[in-house]
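The structure appears right after this line, and notes come after that.
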Protein chains: 2
Amino acid sequence: MGEVPESHPRYTSLMARQRMTEAAAAGMLADSALIAHGRGEAFDYLLGEQTCEAGLQAIRESATRLRAAENPVICINGNAAALAADELLSCAAVLQCPVEINIYYRTEKRIKAIQAHLNSRKQALSNMSPPDDWNVERNWSSDVAGVTILGDTPDGAIENLDGPRAACHSDGILAADVLLVPLEDGDRCETLVAMGKEVCVIDLNPMSRTARYATVCIVDELRRATTHLLSELLRGGEKPTIEWDSETNRANSLAVMLASLQRFEA
Amino acid sequence: MGEVPESHPRYTSLMARQRMTEAAAAGMLADSALIAHGRGEAFDYLLGEQTCEAGLQAIRESATRLRAAENPVICINGNAAALAADELLSCAAVLQCPVEINIYYRTEKRIKAIQAHLNSRKQALSNMSPPDDWNVERNWSSDVAGVTILGDTPDGAIENLDGPRAACHSDGILAADVLLVPLEDGDRCETLVAMGKEVCVIDLNPMSRTARYATVCIVDELRRATTHLLSELLRGGEKPTIEWDSETNRANSLAVMLASLQRFEA
């Protein structure tokens, strides 16, 4: 794609695209992953390529639920690893929880490629300075290094799902009470919620089946959302909302897109 | 991607995705082509995955202009070749005009891959029965076989564009008075119009720069649009609209997307 100057108005979007094409070359992605990314780009374009107020509320709600969880788990697929490995691993370090590689079109080769990428990012992160608001009583390097990366030796299965996409770890997804699942598939989201788990998803399409099934749906671009999520997790505080109104929150995100289409129409 | 049953509610969309991944494997596409396809999918989803009335009007206007042209040319990039080679070659057979392979990230390898695909489809098409409304006085097989495929030996350049994306044929794009350019880049669309050409584009994003610059923008999925266009070209009739109101037409397409978002909001 050539060099993109930082001054380019769509720099962030183009860099994300570059990360995706690099991940494709590294064997981390299924054939349809780039197409899915493009769909996301279109919705993000309607969102004005910035986190909206409803998105922020859903991020805060997710942070609160993840902090209150007994066994939080962060699921990572190829796109999530490509776009926001550092942010997701940092969230896991703060929560001291495992991440689990969980992909729809599961092949061992792809799992290994994602695992290699996450391990390399984990190594790099543990040598960086901690993020703002990091609790100085804890050790960033060892907390990052201590994040377990599950996914390559699944010993369980998600209920009511057939095929390799059901494979998961009994000490990971199966044991979790609260899951953060960026970019989840609709079927899997539905069944995880039916299993009694709280499922926080990140999905740019507020009308998708995933968005509708999730306990909390953050309608936002993955990297922006996880950057905010990390800040919220570090900031702490607050109890989970007893009655989180997911439908209203999604409608508020949708309203932002609607307003942007209306502006174009005018 | 496995077998997709024809009864699947999103069969057409999934088949298009399959054609795109096959084209990627055949070396016809740039890295960003699948992402662009995904963006289109999102807009088509908002369009309800069907040709809207404004789209049909723009298709009719394009057909009329192409028929009235002295030197019509149909430009084809990797995505267009992957998604609608048969439809575009059939339109060229009806118009008895050349097609020109013209891609943004030009490499000789990619041009050759697209050329091989178009030649193989041309061969296959010429052995098929003609489409409905075909003029029985003409010979379908020889008219298809007679379609010239330009693009591999460019001897000219589109004005004011730098780099390989400017390369074109003096007896193709440069000589054309009316161009059909599915999925055109914004810069190139702008400069082609500035060169005094009528540029009919097919673009699912009614807000894109391409859509705004084009003489006629058909806001529709490529294969549906070219299928309709072929029927319109075969049906004949009508003079070009003297004052084609491109802006109103785009706004009407946008309104369909807006209404679909509003339905989800309700």
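Quick note on naming: the chains in the structure tokens go A, B, ... in the order shown, residues restart at 1 in each chain, and ligands are numbered from 1 in order of appearance.
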Test item: chain B residues at most 9 Å from chain A, counting only C-alpha atoms, as a PyMOL selection string: chain B and resi 1+17-18+21+31-43+105+205+207+250-252+254-255+257-258+261-262+264-266
Contacts of Ala167 in chain A within 12 Å, only C-alpha atoms, excl. fewer than 4 positions in-chain, as a PyMOL selection string: chain A and resi 100-108+111+150-163+172-174+188
How about saving the chosen residues, N, CA, C and O atoms kept, as a tab-separated table (two decimals), in the first residue's frame?
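The file below, out-v2.tsv, is the result:
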```tsv
chain	number	residue	atom	x	y	z
A	100	GLU	N	-8.29	-15.96	25.05
A	100	GLU	CA	-8.46	-17.23	24.34
A	100	GLU	C	-8.65	-16.97	22.86
A	100	GLU	O	-9.54	-16.21	22.45
A	101	ILE	N	-7.80	-17.58	22.06
A	101	ILE	CA	-7.94	-17.47	20.61
A	101	ILE	C	-9.11	-18.35	20.19
A	101	ILE	O	-9.14	-19.54	20.50
A	102	ASN	N	-10.08	-17.75	19.54
A	102	ASN	CA	-11.30	-18.47	19.23
A	102	ASN	C	-11.76	-17.96	17.87
A	102	ASN	O	-12.17	-16.80	17.73
A	103	ILE	N	-11.62	-18.80	16.84
A	103	ILE	CA	-11.90	-18.33	15.49
A	103	ILE	C	-13.00	-19.16	14.84
A	103	ILE	O	-13.23	-20.30	15.21
A	104	TYR	N	-13.65	-18.53	13.88
A	104	TYR	CA	-14.81	-19.17	13.25
A	104	TYR	C	-14.36	-20.28	12.30
A	104	TYR	O	-14.81	-21.42	12.41
A	105	TYR	N	-13.52	-19.93	11.35
A	105	TYR	CA	-12.99	-20.93	10.41
A	105	TYR	C	-11.69	-21.48	10.99
A	105	TYR	O	-10.60	-21.11	10.56
A	106	ARG	N	-11.82	-22.36	11.99
A	106	ARG	CA	-10.66	-22.82	12.73
A	106	ARG	C	-9.77	-23.74	11.91
A	106	ARG	O	-10.22	-24.76	11.39
A	107	THR	N	-8.50	-23.37	11.78
A	107	THR	CA	-7.51	-24.31	11.26
A	107	THR	C	-6.33	-24.18	12.23
A	107	THR	O	-6.10	-23.11	12.81
A	108	GLU	N	-5.59	-25.26	12.40
A	108	GLU	CA	-4.46	-25.23	13.35
A	108	GLU	C	-3.41	-24.23	12.90
A	108	GLU	O	-2.80	-23.54	13.70
A	111	ILE	N	-4.55	-20.77	13.92
A	111	ILE	CA	-4.41	-20.61	15.38
A	111	ILE	C	-2.94	-20.35	15.73
A	111	ILE	O	-2.62	-19.44	16.50
A	150	LEU	N	-4.70	-18.84	25.70
A	150	LEU	CA	-5.33	-20.14	25.44
A	150	LEU	C	-5.77	-20.22	23.97
A	150	LEU	O	-5.80	-19.21	23.28
A	151	GLY	N	-6.14	-21.43	23.56
A	151	GLY	CA	-6.72	-21.56	22.23
A	151	GLY	C	-6.17	-22.70	21.42
A	151	GLY	O	-6.84	-23.22	20.53
A	152	ASP	N	-4.93	-23.12	21.72
A	152	ASP	CA	-4.34	-24.13	20.84
A	152	ASP	C	-4.62	-25.56	21.28
A	152	ASP	O	-4.40	-26.49	20.51
A	153	THR	N	-5.10	-25.75	22.50
A	153	THR	CA	-5.41	-27.13	22.94
A	153	THR	C	-6.80	-27.18	23.57
A	153	THR	O	-6.95	-27.46	24.75
A	154	PRO	N	-7.84	-26.89	22.76
A	154	PRO	CA	-9.20	-26.84	23.31
A	154	PRO	C	-9.63	-28.20	23.85
A	154	PRO	O	-9.36	-29.23	23.22
A	155	ASP	N	-10.26	-28.20	25.01
A	155	ASP	CA	-10.71	-29.46	25.61
A	155	ASP	C	-12.21	-29.41	25.91
A	155	ASP	O	-12.75	-30.23	26.63
A	156	GLY	N	-12.89	-28.40	25.34
A	156	GLY	CA	-14.33	-28.28	25.57
A	156	GLY	C	-15.01	-27.79	24.31
A	156	GLY	O	-14.37	-27.58	23.28
A	157	ALA	N	-16.34	-27.63	24.40
A	157	ALA	CA	-17.09	-27.16	23.23
A	157	ALA	C	-18.21	-26.24	23.69
A	157	ALA	O	-18.84	-26.48	24.72
A	158	ILE	N	-18.44	-25.17	22.93
A	158	ILE	CA	-19.57	-24.29	23.20
A	158	ILE	C	-20.84	-25.06	22.83
A	158	ILE	O	-20.90	-25.68	21.76
A	159	GLU	N	-21.83	-25.02	23.71
A	159	GLU	CA	-23.09	-25.75	23.50
A	159	GLU	C	-23.76	-25.41	22.16
A	159	GLU	O	-23.72	-24.26	21.73
A	160	ASN	N	-24.44	-26.40	21.61
A	160	ASN	CA	-25.32	-26.19	20.46
A	160	ASN	C	-24.65	-25.60	19.22
A	160	ASN	O	-25.32	-25.02	18.37
A	161	LEU	N	-23.36	-25.69	19.15
A	161	LEU	CA	-22.67	-25.23	17.94
A	161	LEU	C	-22.00	-26.45	17.33
A	161	LEU	O	-21.41	-27.26	18.03
A	162	ASP	N	-22.09	-26.59	16.00
A	162	ASP	CA	-21.39	-27.72	15.40
A	162	ASP	C	-20.11	-27.25	14.74
A	162	ASP	O	-19.90	-26.06	14.51
A	163	GLY	N	-19.24	-28.20	14.49
A	163	GLY	CA	-18.01	-27.89	13.75
A	163	GLY	C	-16.94	-27.29	14.63
A	163	GLY	O	-17.11	-27.09	15.82
A	172	GLY	N	-11.09	-21.62	30.05
A	172	GLY	CA	-11.18	-20.31	29.39
A	172	GLY	C	-12.63	-19.93	29.21
A	172	GLY	O	-13.34	-19.65	30.18
A	173	ILE	N	-13.09	-19.96	27.97
A	173	ILE	CA	-14.46	-19.55	27.66
A	173	ILE	C	-15.50	-20.29	28.51
A	173	ILE	O	-16.43	-19.68	29.05
A	174	LEU	N	-15.34	-21.61	28.67
A	174	LEU	CA	-16.36	-22.38	29.41
A	174	LEU	C	-16.47	-21.95	30.87
A	174	LEU	O	-17.56	-21.94	31.44
A	188	ARG	N	-22.66	-17.76	17.79
A	188	ARG	CA	-21.86	-18.03	18.98
A	188	ARG	C	-22.24	-17.07	20.09
A	188	ARG	O	-22.32	-17.43	21.25
```
Neighbour list for range 58-70 of chain A as a PyMOL selection string, cut-off 7 Å, only C-alpha atoms, skip fewer than 2 positions in-chain: chain A and resi 54-56+72+95+177-178+200+216-218+225+229+232-233+238-240
Filtered DSSP result for range 35-256 of chain B, state strand (DSSP E or B), as a ChimeraX atom specification: /B:72-76,99-101,149-150,156-157,167-168,178-182,198-202,216-218
Please produce an output containing N, CA, C and O atoms for each residue in the selection, written as a CSV table (one decimal), in the first residue's frame.
```csv
chain,number,residue,atom,x,y,z
B,72,PRO,N,-18.0,4.5,-27.2
B,72,PRO,CA,-18.2,4.1,-25.8
B,72,PRO,C,-17.1,3.1,-25.4
B,72,PRO,O,-16.6,2.4,-26.3
B,73,VAL,N,-16.6,3.1,-24.2
B,73,VAL,CA,-15.6,2.2,-23.7
B,73,VAL,C,-16.0,1.7,-22.3
B,73,VAL,O,-16.5,2.5,-21.5
B,74,ILE,N,-15.9,0.4,-22.0
B,74,ILE,CA,-16.2,-0.1,-20.7
B,74,ILE,C,-14.9,-0.4,-20.0
B,74,ILE,O,-14.1,-1.2,-20.5
B,75,CYS,N,-14.6,0.3,-18.8
B,75,CYS,CA,-13.4,0.0,-18.1
B,75,CYS,C,-13.7,-1.1,-17.1
B,75,CYS,O,-14.7,-1.2,-16.5
B,76,ILE,N,-12.7,-1.9,-16.9
B,76,ILE,CA,-12.8,-3.1,-16.0
B,76,ILE,C,-11.6,-3.2,-15.1
B,76,ILE,O,-10.5,-3.2,-15.6
B,99,VAL,N,-13.5,-3.2,-24.3
B,99,VAL,CA,-13.4,-3.0,-22.8
B,99,VAL,C,-11.9,-2.7,-22.6
B,99,VAL,O,-11.0,-3.1,-23.4
B,100,GLU,N,-11.6,-2.0,-21.5
B,100,GLU,CA,-10.2,-1.7,-21.2
B,100,GLU,C,-9.9,-2.0,-19.7
B,100,GLU,O,-10.6,-1.5,-18.9
B,101,ILE,N,-8.9,-2.9,-19.5
B,101,ILE,CA,-8.5,-3.2,-18.1
B,101,ILE,C,-7.8,-2.0,-17.6
B,101,ILE,O,-6.8,-1.5,-18.2
B,149,ILE,N,-10.2,-6.6,-26.0
B,149,ILE,CA,-9.9,-6.4,-24.6
B,149,ILE,C,-8.5,-5.6,-24.5
B,149,ILE,O,-7.5,-6.2,-24.8
B,150,LEU,N,-8.6,-4.3,-24.2
B,150,LEU,CA,-7.4,-3.5,-24.1
B,150,LEU,C,-6.9,-3.5,-22.7
B,150,LEU,O,-7.6,-3.9,-21.8
B,156,GLY,N,-0.9,5.6,-23.7
B,156,GLY,CA,-1.4,7.0,-23.3
B,156,GLY,C,-1.5,7.1,-21.8
B,156,GLY,O,-1.2,6.2,-21.1
B,157,ALA,N,-1.9,8.3,-21.4
B,157,ALA,CA,-2.0,8.6,-19.9
B,157,ALA,C,-3.2,9.5,-19.7
B,157,ALA,O,-3.4,10.4,-20.4
B,167,ALA,N,-2.0,5.1,-16.7
B,167,ALA,CA,-1.7,4.4,-17.9
B,167,ALA,C,-3.0,4.0,-18.6
B,167,ALA,O,-3.9,3.4,-18.0
B,168,CYS,N,-3.2,4.3,-19.9
B,168,CYS,CA,-4.4,3.8,-20.6
B,168,CYS,C,-4.1,3.8,-22.1
B,168,CYS,O,-3.0,4.2,-22.6
B,178,VAL,N,-18.0,8.4,-24.0
B,178,VAL,CA,-18.8,8.0,-22.9
B,178,VAL,C,-18.1,6.7,-22.3
B,178,VAL,O,-17.8,5.8,-23.0
B,179,LEU,N,-17.8,6.8,-21.0
B,179,LEU,CA,-17.2,5.6,-20.3
B,179,LEU,C,-18.2,5.0,-19.3
B,179,LEU,O,-18.9,5.7,-18.6
B,180,LEU,N,-18.2,3.7,-19.3
B,180,LEU,CA,-18.8,3.0,-18.1
B,180,LEU,C,-17.6,2.5,-17.3
B,180,LEU,O,-16.8,1.8,-17.7
B,181,VAL,N,-17.6,3.0,-16.0
B,181,VAL,CA,-16.4,2.7,-15.2
B,181,VAL,C,-17.0,2.2,-13.8
B,181,VAL,O,-17.2,2.9,-12.9
B,182,PRO,N,-17.2,0.9,-13.7
B,182,PRO,CA,-17.7,0.4,-12.4
B,182,PRO,C,-16.6,0.6,-11.4
B,182,PRO,O,-15.4,0.4,-11.8
B,198,GLU,N,-18.2,11.8,-20.7
B,198,GLU,CA,-19.3,11.5,-19.8
B,198,GLU,C,-18.9,10.2,-19.1
B,198,GLU,O,-18.5,9.2,-19.7
B,199,VAL,N,-18.9,10.2,-17.8
B,199,VAL,CA,-18.5,9.1,-17.0
B,199,VAL,C,-19.7,8.5,-16.2
B,199,VAL,O,-20.2,9.1,-15.3
B,200,CYS,N,-20.1,7.3,-16.6
B,200,CYS,CA,-21.1,6.5,-15.9
B,200,CYS,C,-20.4,5.6,-14.9
B,200,CYS,O,-19.7,4.7,-15.4
B,201,VAL,N,-20.7,5.7,-13.6
B,201,VAL,CA,-20.0,4.8,-12.6
B,201,VAL,C,-21.1,4.0,-11.9
B,201,VAL,O,-22.3,4.3,-11.9
B,202,ILE,N,-20.6,2.9,-11.3
B,202,ILE,CA,-21.4,2.1,-10.4
B,202,ILE,C,-20.7,2.1,-9.1
B,202,ILE,O,-19.6,1.7,-9.0
B,216,VAL,N,-23.1,10.3,-14.3
B,216,VAL,CA,-24.2,9.4,-13.9
B,216,VAL,C,-23.6,8.5,-12.8
B,216,VAL,O,-22.7,7.7,-13.2
B,217,CYS,N,-24.2,8.4,-11.6
B,217,CYS,CA,-23.7,7.4,-10.7
B,217,CYS,C,-24.9,6.4,-10.4
B,217,CYS,O,-25.9,6.8,-9.9
B,218,ILE,N,-24.6,5.2,-10.7
B,218,ILE,CA,-25.6,4.1,-10.4
B,218,ILE,C,-25.3,3.6,-9.0
B,218,ILE,O,-24.2,3.0,-8.8
```
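If you look at CA of Leu204 in chain B and CA of Gln57 in chain B, they are 14.9 Å away from each other.
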Atom-to-atom span, CA of Arg110 in chain B and CA of Ala26 in chain B, Å: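 Computing the Euclidean distance for CA of Arg110 in chain B and CA of Ala26 in chain B yields 9.0 Å.
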Exercise: Ser231 in chain B partners within 9 Å, only C-alpha atoms, chain neighbours under 2 positions left out, as a list in words: Cys91, Pro131, Asp132, Asp133, Thr226, Thr227, His228, Leu229, Leu233, Leu234, Arg235 and Gly236 of chain B
Same residues, N, CA, C and O atoms, output as a compact mmCIF listing (two decimals), in the first residue's frame:
```
# COMPACT_ATOMS: atom_id res chain seq x y z
N CYS B 91 -22.45 -6.48 -22.36
CA CYS B 91 -22.76 -5.08 -22.68
C CYS B 91 -21.85 -4.59 -23.81
O CYS B 91 -22.30 -3.90 -24.73
N PRO B 131 -28.61 -13.42 -24.87
CA PRO B 131 -29.57 -13.00 -23.86
C PRO B 131 -30.94 -12.70 -24.49
O PRO B 131 -31.04 -12.56 -25.71
N ASP B 132 -32.00 -12.61 -23.65
CA ASP B 132 -33.32 -12.22 -24.14
C ASP B 132 -33.20 -10.88 -24.87
O ASP B 132 -32.36 -10.07 -24.53
N ASP B 133 -34.07 -10.66 -25.82
CA ASP B 133 -34.12 -9.39 -26.56
C ASP B 133 -32.93 -9.18 -27.50
O ASP B 133 -32.74 -8.09 -28.02
N THR B 226 -25.30 -4.32 -13.70
CA THR B 226 -24.90 -4.63 -15.08
C THR B 226 -25.90 -5.58 -15.74
O THR B 226 -26.04 -5.57 -16.96
N THR B 227 -26.58 -6.40 -14.94
CA THR B 227 -27.63 -7.25 -15.49
C THR B 227 -28.77 -6.38 -16.03
O THR B 227 -29.26 -6.56 -17.14
N HIS B 228 -29.18 -5.40 -15.22
CA HIS B 228 -30.21 -4.46 -15.67
C HIS B 228 -29.72 -3.65 -16.87
O HIS B 228 -30.47 -3.39 -17.81
N LEU B 229 -28.46 -3.22 -16.81
CA LEU B 229 -27.92 -2.39 -17.88
C LEU B 229 -27.97 -3.15 -19.21
O LEU B 229 -28.35 -2.58 -20.24
N LEU B 233 -29.80 -1.91 -22.53
CA LEU B 233 -29.06 -1.72 -23.79
C LEU B 233 -29.73 -2.50 -24.92
O LEU B 233 -29.81 -2.03 -26.05
N LEU B 234 -30.21 -3.70 -24.57
CA LEU B 234 -30.85 -4.54 -25.60
C LEU B 234 -32.21 -3.98 -25.99
O LEU B 234 -32.64 -4.12 -27.13
N ARG B 235 -32.87 -3.36 -25.02
CA ARG B 235 -34.22 -2.87 -25.29
C ARG B 235 -34.19 -1.61 -26.17
O ARG B 235 -35.12 -1.35 -26.91
N GLY B 236 -33.11 -0.86 -26.04
CA GLY B 236 -32.94 0.32 -26.91
C GLY B 236 -33.86 1.47 -26.58
O GLY B 236 -34.38 1.56 -25.47
```
Those in range 144-254 of chain A with helix (DSSP H, G or I) from DSSP, as a VMD selection string: chain A and resid 144 to 145 164 to 166 173 to 175 186 to 194 209 to 213 222 to 235 246 to 254
Pairwise distance for CA of Ile114 in chain B and CA of Ala82 in chain B, rounded to one decimal in Å: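 Between CA of Ile114 in chain B and CA of Ala82 in chain B the gap is 8.4 Å.
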Selection: 12 Å around Pro5 in chain A, only C-alpha atoms, excl. self and same-chain fewer than 6 positions, as a ChimeraX atom specification: /A:11-12,14-15
Writer output for current selection, N, CA and C atoms, as an mmCIF file, in the first residue's frame:
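Below you can see part00.cif, which holds the result:
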```
data_model
loop_
_atom_site.group_PDB
_atom_site.id
_atom_site.type_symbol
_atom_site.label_atom_id
_atom_site.label_comp_id
_atom_site.auth_asym_id
_atom_site.auth_seq_id
_atom_site.Cartn_x
_atom_site.Cartn_y
_atom_site.Cartn_z
ATOM 1 N N TYR A 11 -5.632 8.653 8.083
ATOM 2 C CA TYR A 11 -4.443 7.915 8.497
ATOM 3 C C TYR A 11 -4.774 6.668 9.322
ATOM 4 N N THR A 12 -5.591 6.845 10.354
ATOM 5 C CA THR A 12 -5.894 5.730 11.265
ATOM 6 C C THR A 12 -6.558 4.585 10.512
ATOM 7 N N LEU A 14 -6.386 3.974 7.310
ATOM 8 C CA LEU A 14 -5.450 3.351 6.366
ATOM 9 C C LEU A 14 -4.422 2.477 7.083
ATOM 10 N N MET A 15 -4.028 2.888 8.294
ATOM 11 C CA MET A 15 -3.095 2.062 9.058
ATOM 12 C C MET A 15 -3.768 0.759 9.481
#
```
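Proximity to range 122-128 of chain A at 10 Å, evaluated using only C-alpha atoms and with sequence-adjacent residues fewer than 2 positions away removed, yields Ala85, Asp86, Glu87, Leu89, Ser90, Ala93, Ala116, His117, Leu118, Asn119, Ser120, Pro130, Pro131, Asn139, Trp140, Ser141, Ser142, Asp143, Val144, Ala145, Gly146, Val147 and Ile149 of chain A.
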Neighbour list for Gly78 in chain A as a ChimeraX atom specification, cut-off 6 Å, only C-alpha atoms, skip fewer than 3 positions in-chain: /A:28-29,81
Residues from the last selection, N, CA, C and O atoms, saved as a short mmCIF file (atom, residue, chain, number, x, y, z; two decimals), in the first residue's frame:
```cif
data_model
loop_
_atom_site.label_atom_id
_atom_site.label_comp_id
_atom_site.auth_asym_id
_atom_site.auth_seq_id
_atom_site.Cartn_x
_atom_site.Cartn_y
_atom_site.Cartn_z
N MET A 28 -2.93 -15.16 9.37
CA MET A 28 -3.78 -15.06 10.56
C MET A 28 -5.28 -14.99 10.23
O MET A 28 -6.11 -15.11 11.13
N LEU A 29 -5.60 -14.75 8.96
CA LEU A 29 -7.00 -14.42 8.64
C LEU A 29 -7.66 -15.42 7.69
O LEU A 29 -7.02 -15.95 6.79
N ALA A 81 -6.78 -9.77 16.70
CA ALA A 81 -5.33 -9.84 16.92
C ALA A 81 -4.60 -8.88 15.99
O ALA A 81 -3.63 -8.24 16.37
#
```
